[in-house]
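Below: one structure, written as C-alpha cells.
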Amino acid sequence: MSNWLKSAIFYEIYPNSYMDLNGDGYGDLKGITSKLDYIKSLGANAIWLNPHYDSPFMDGGYDVRDYFKVSPRFGTEADFDEFISTAHAKGLRVILDLVPGHTSEQNPDFLKSAEPVRNELYDRFIWTSHEWQFPEGFKAISGRHNRKGNYIVNYYSTQPSLNYGFNNITEPDWQMPYTSDAAKATREWLKSVIRFWLNRGADGFRVDMADSLVKNDGSQSEKPATSEIWRDIRAMLDSEYPDAVLVSEWSNPQAIRAGFHADFMLDHHGNPYNMLVRHEEAGKHSYFDIEGRGDGAAFAKGFTEWYEAIKDKGNIAIISCNHDTPRLAPFYSHDQLKAIYTTLFTLPGVPFMYYGDEIGMKYKKDLPSVECGFGRTGSRTPMQWNTQKNAGFSSADRTFLPAETDKTVNAEAQLKDKNSLLNFVKSLFEFRKSRKELCSNDFEFVHAAGAEPLVFRRGILTVVVNPLAVKQTVAAEISQKAKPVFCAGKEAKPNKNGTVTVPPVSVTVFEN
C-alpha cells in the first residue's frame, strides 16, 4: 500500500484553463509544465490533472474518444512525458482522471459495438434488445446507429455506458450478469488503461463516478458488485504498482470498503462539507455563515460518523472546491476563506486545492455553457496570473472561456503582498507539512454547538474556529500556557477558567 498519500497536498488543474503557451486560447501541457515551480512554491506536492485524453469535448473531456492518446488540444505525447518527468524531478506526484463508466460516442470501441452484425466488441457497451425498448430507470438513446437496439448512457447522450454487467437482472433479454464473460472483459480492458498510464509515469488516478460501473447494484452505500470490481483492481495495483493510489468520486464510506485509498467528501446536500461551507437550502445556512445561522453540531456529527467508518482503512479527500462545484468566492471574503481553508485542511484528510482558489478566484455566474459545463462553467475560467492580456493566461484574441483581469485577484500581485490569500495558503501548507499530528488518525471534537466556536483536537494540537463577525468565548480545555502555533485572523486567548476567547472570523491552532 502506498504511504505517500497521507502527507500529500494536491493541486487540481483543469488543463483547458491553466496556462496556454501556444496561443490557441486553450491551456496545454507545456503551459502546465512551465508553472510547476509555482505549484511547488505553494507547498503542494501532488497534482490532480483533469482529463487529458483525446476527446470531442462534449463534456469537458469526460467523454473519452481514445484512452491511450493525449488530446492534441493539450499537446503531443512527448509533451505529456515531459510534464510527468519534470513534475517528478521537482518532487511532485501526478494522478490522472480515470473515466471508467462510459466513453465518448466517437470512441472506436463503441462504434464497433454499434455495428449491426455481432463482433468481438458487440457486448462492450450496454444495448437493449430492440430499438423500441426504453427501460424505466435508464437513459436509452435510439436512432443513432444501425444496430438493433438502443444504447444506455450514464449521463449525456454522447456518453454510452460500458458494460460491467448487472447485479439484479430485471430484463434478461438484454441485461448480462456482472460475472459474465463480457462484463469481465470490460474489467480487463479497464486494467489495461490503468497499466498504460502507470507505465507512462502516472502515480495513480482520481476515478470519475466510481460507483457507476455495475447497474442495478443497490444504493450508493452498498454497491456490492461494483465494490467487488474495485477490490479486484486494488489487488492488481497492490501486486503490480504498490505505490499507486486510487481516489474515488463516490462520496460515501463504501468507497474505502471497496478498496480506494481515499474518497472525496463532495458538495452533496446535507453531507459534512456541504454543512460546513455550502448549506443554504430550505432556510438553513452553512456553519461559516457569518450571521450565525449554521449548525456546527450537525457538521461535527456527520464528519465524525464518516471518519470513524474509514479512518483505519483509507482517507477522506477534502476539497476547497473542484471543477464541478461553484467556487467559494465571491460568497466569502478573503478573511473568511483563510478561516475556511485552515479548518478544512487541519481536519483529518488529504487536502485538494482547486487551481485559482489560492488567490480567491470568483465563481462567474451567468456564463453561457461551454462544452456542456452548464452551471459548472463559472468555475472553469482561465487562471488569473497577472493583469496583462487575458490575465496572463494566453496571448490569443479569444480564449476558451473569458479571462477576468483583476488588480488584486491574480498570482503576481498576491505574491508581492505578505497579507494576501496566496501567501496565507503557502504558510498553511507549510504548517500542515511540519506537523505530523495533521497526518495522523488522532482526532476528536471537543466542542460543537450551533454557531458557537468549533473546537477539535489533533494529538497535542487543538484547533479553535470562530466563523462569526463577533468574538465568542468557548470552553475548550486549553491551558493558559498553551502556545498558539498557527492562526488565521487574530489569535484566540486562553482564560484562567479553561475557556478561550476567540476573535471574529478566526482560527487558532494551539499546542498543548
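Scheme for the C-alpha cells: letters A, B, ... for chains in order shown; per-chain residue numbers from 1; ligand numbers from 1 in order shown.
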Extract the full set of strand (DSSP E) residues from stretch 218-320 of chain A according to DSSP on the backbone, and format it as a PyMOL selection string. chain A and resi 245-248+262-264+315-319
Residue neighbourhood stretch 275-277 of chain A, 7 Å, only C-alpha atoms, exclusion window fewer than 6 positions, as a ChimeraX atom specification: /A:286-288,299
Measuring atom to atom with only C-alpha atoms, identify which of A:Thr405, A:Asn390, A:Ser395, A:Asn441 is nearest to A:Lys362.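 Once distances to A:Lys362 are computed over only C-alpha atoms, the minimum belongs to A:Thr405.
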What lies within 9 Å of A:Thr408 using only C-alpha atoms, ignoring chain neighbours under 4 positions off, as a PyMOL selection string? chain A and resi 359+386-387+412-414+420
Could the residues in this selection be written to a file with C-alpha atoms, as a PDB file, in the first residue's frame?
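The result, written out as result-v5.pdb:
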```pdb
ATOM      1  CA  ILE A 359      -5.943  33.561  -4.910  1.00  0.00           C
ATOM      2  CA  ASN A 386      -1.355  38.890 -13.723  1.00  0.00           C
ATOM      3  CA  THR A 387      -3.012  41.992 -15.207  1.00  0.00           C
ATOM      4  CA  GLU A 412       1.606  38.135  -9.397  1.00  0.00           C
ATOM      5  CA  ALA A 413       0.016  40.799  -7.191  1.00  0.00           C
ATOM      6  CA  GLN A 414      -0.616  38.426  -4.293  1.00  0.00           C
ATOM      7  CA  SER A 420      -2.568  38.065   0.624  1.00  0.00           C
TER       8      SER A 420
END
```
All alpha helix (DSSP H) residues (DSSP, backbone) inside stretch 215-255 of chain A, as a ChimeraX atom specification: /A:224-240,254-255
Selection: 9 Å around A:Ile229, only C-alpha atoms, excl. self and same-chain fewer than 2 positions, as a ChimeraX atom specification: /A:164,187,213-214,224-227,231-234,258
Could the residues in this selection be written to a file with N, CA, C and O atoms, as an mmCIF file, in the first residue's frame?
```
data_model
loop_
_atom_site.group_PDB
_atom_site.id
_atom_site.type_symbol
_atom_site.label_atom_id
_atom_site.label_comp_id
_atom_site.auth_asym_id
_atom_site.auth_seq_id
_atom_site.Cartn_x
_atom_site.Cartn_y
_atom_site.Cartn_z
ATOM 1 N N TYR A 164 -20.239 -3.354 -17.583
ATOM 2 C CA TYR A 164 -19.688 -4.109 -16.459
ATOM 3 C C TYR A 164 -20.729 -5.075 -15.905
ATOM 4 O O TYR A 164 -20.514 -5.686 -14.860
ATOM 5 N N ARG A 187 -13.824 -5.269 -17.589
ATOM 6 C CA ARG A 187 -12.964 -5.042 -16.425
ATOM 7 C C ARG A 187 -11.479 -5.176 -16.793
ATOM 8 O O ARG A 187 -10.649 -4.362 -16.373
ATOM 9 N N LEU A 213 -20.356 1.643 -12.118
ATOM 10 C CA LEU A 213 -19.992 0.568 -13.039
ATOM 11 C C LEU A 213 -21.104 -0.454 -13.245
ATOM 12 O O LEU A 213 -21.693 -0.539 -14.314
ATOM 13 N N VAL A 214 -21.376 -1.249 -12.235
ATOM 14 C CA VAL A 214 -22.391 -2.297 -12.361
ATOM 15 C C VAL A 214 -23.778 -1.681 -12.177
ATOM 16 O O VAL A 214 -24.008 -0.913 -11.245
ATOM 17 N N PRO A 224 -22.493 -3.722 -3.942
ATOM 18 C CA PRO A 224 -21.590 -4.849 -3.681
ATOM 19 C C PRO A 224 -20.826 -5.336 -4.909
ATOM 20 O O PRO A 224 -19.638 -5.679 -4.803
ATOM 21 N N ALA A 225 -21.472 -5.368 -6.075
ATOM 22 C CA ALA A 225 -20.783 -5.866 -7.268
ATOM 23 C C ALA A 225 -19.750 -4.866 -7.765
ATOM 24 O O ALA A 225 -18.624 -5.239 -8.136
ATOM 25 N N THR A 226 -20.111 -3.578 -7.777
ATOM 26 C CA THR A 226 -19.140 -2.548 -8.152
ATOM 27 C C THR A 226 -17.957 -2.563 -7.195
ATOM 28 O O THR A 226 -16.797 -2.439 -7.616
ATOM 29 N N SER A 227 -18.241 -2.728 -5.917
ATOM 30 C CA SER A 227 -17.162 -2.796 -4.920
ATOM 31 C C SER A 227 -16.253 -3.981 -5.173
ATOM 32 O O SER A 227 -15.029 -3.888 -5.011
ATOM 33 N N ARG A 231 -12.215 -3.799 -5.702
ATOM 34 C CA ARG A 231 -11.287 -4.563 -4.856
ATOM 35 C C ARG A 231 -10.358 -5.419 -5.714
ATOM 36 O O ARG A 231 -9.177 -5.606 -5.395
ATOM 37 N N ASP A 232 -10.886 -5.935 -6.817
ATOM 38 C CA ASP A 232 -10.061 -6.700 -7.743
ATOM 39 C C ASP A 232 -8.984 -5.816 -8.369
ATOM 40 O O ASP A 232 -7.820 -6.201 -8.485
ATOM 41 N N ILE A 233 -9.374 -4.592 -8.755
ATOM 42 C CA ILE A 233 -8.408 -3.659 -9.335
ATOM 43 C C ILE A 233 -7.385 -3.224 -8.293
ATOM 44 O O ILE A 233 -6.185 -3.109 -8.580
ATOM 45 N N ARG A 234 -7.841 -3.003 -7.065
ATOM 46 C CA ARG A 234 -6.913 -2.637 -5.994
ATOM 47 C C ARG A 234 -5.895 -3.757 -5.758
ATOM 48 O O ARG A 234 -4.695 -3.495 -5.546
ATOM 49 N N ALA A 258 -14.534 -0.487 -0.578
ATOM 50 C CA ALA A 258 -14.371 -1.054 -1.915
ATOM 51 C C ALA A 258 -12.929 -1.052 -2.385
ATOM 52 O O ALA A 258 -12.644 -1.496 -3.496
#
```
Contacts of A:Phe486 within 10 Å, only C-alpha atoms, excl. fewer than 5 positions in-chain, as an MDAnalysis selection string: chainID A and resid 342 427:428 431:432 463 491 507:511
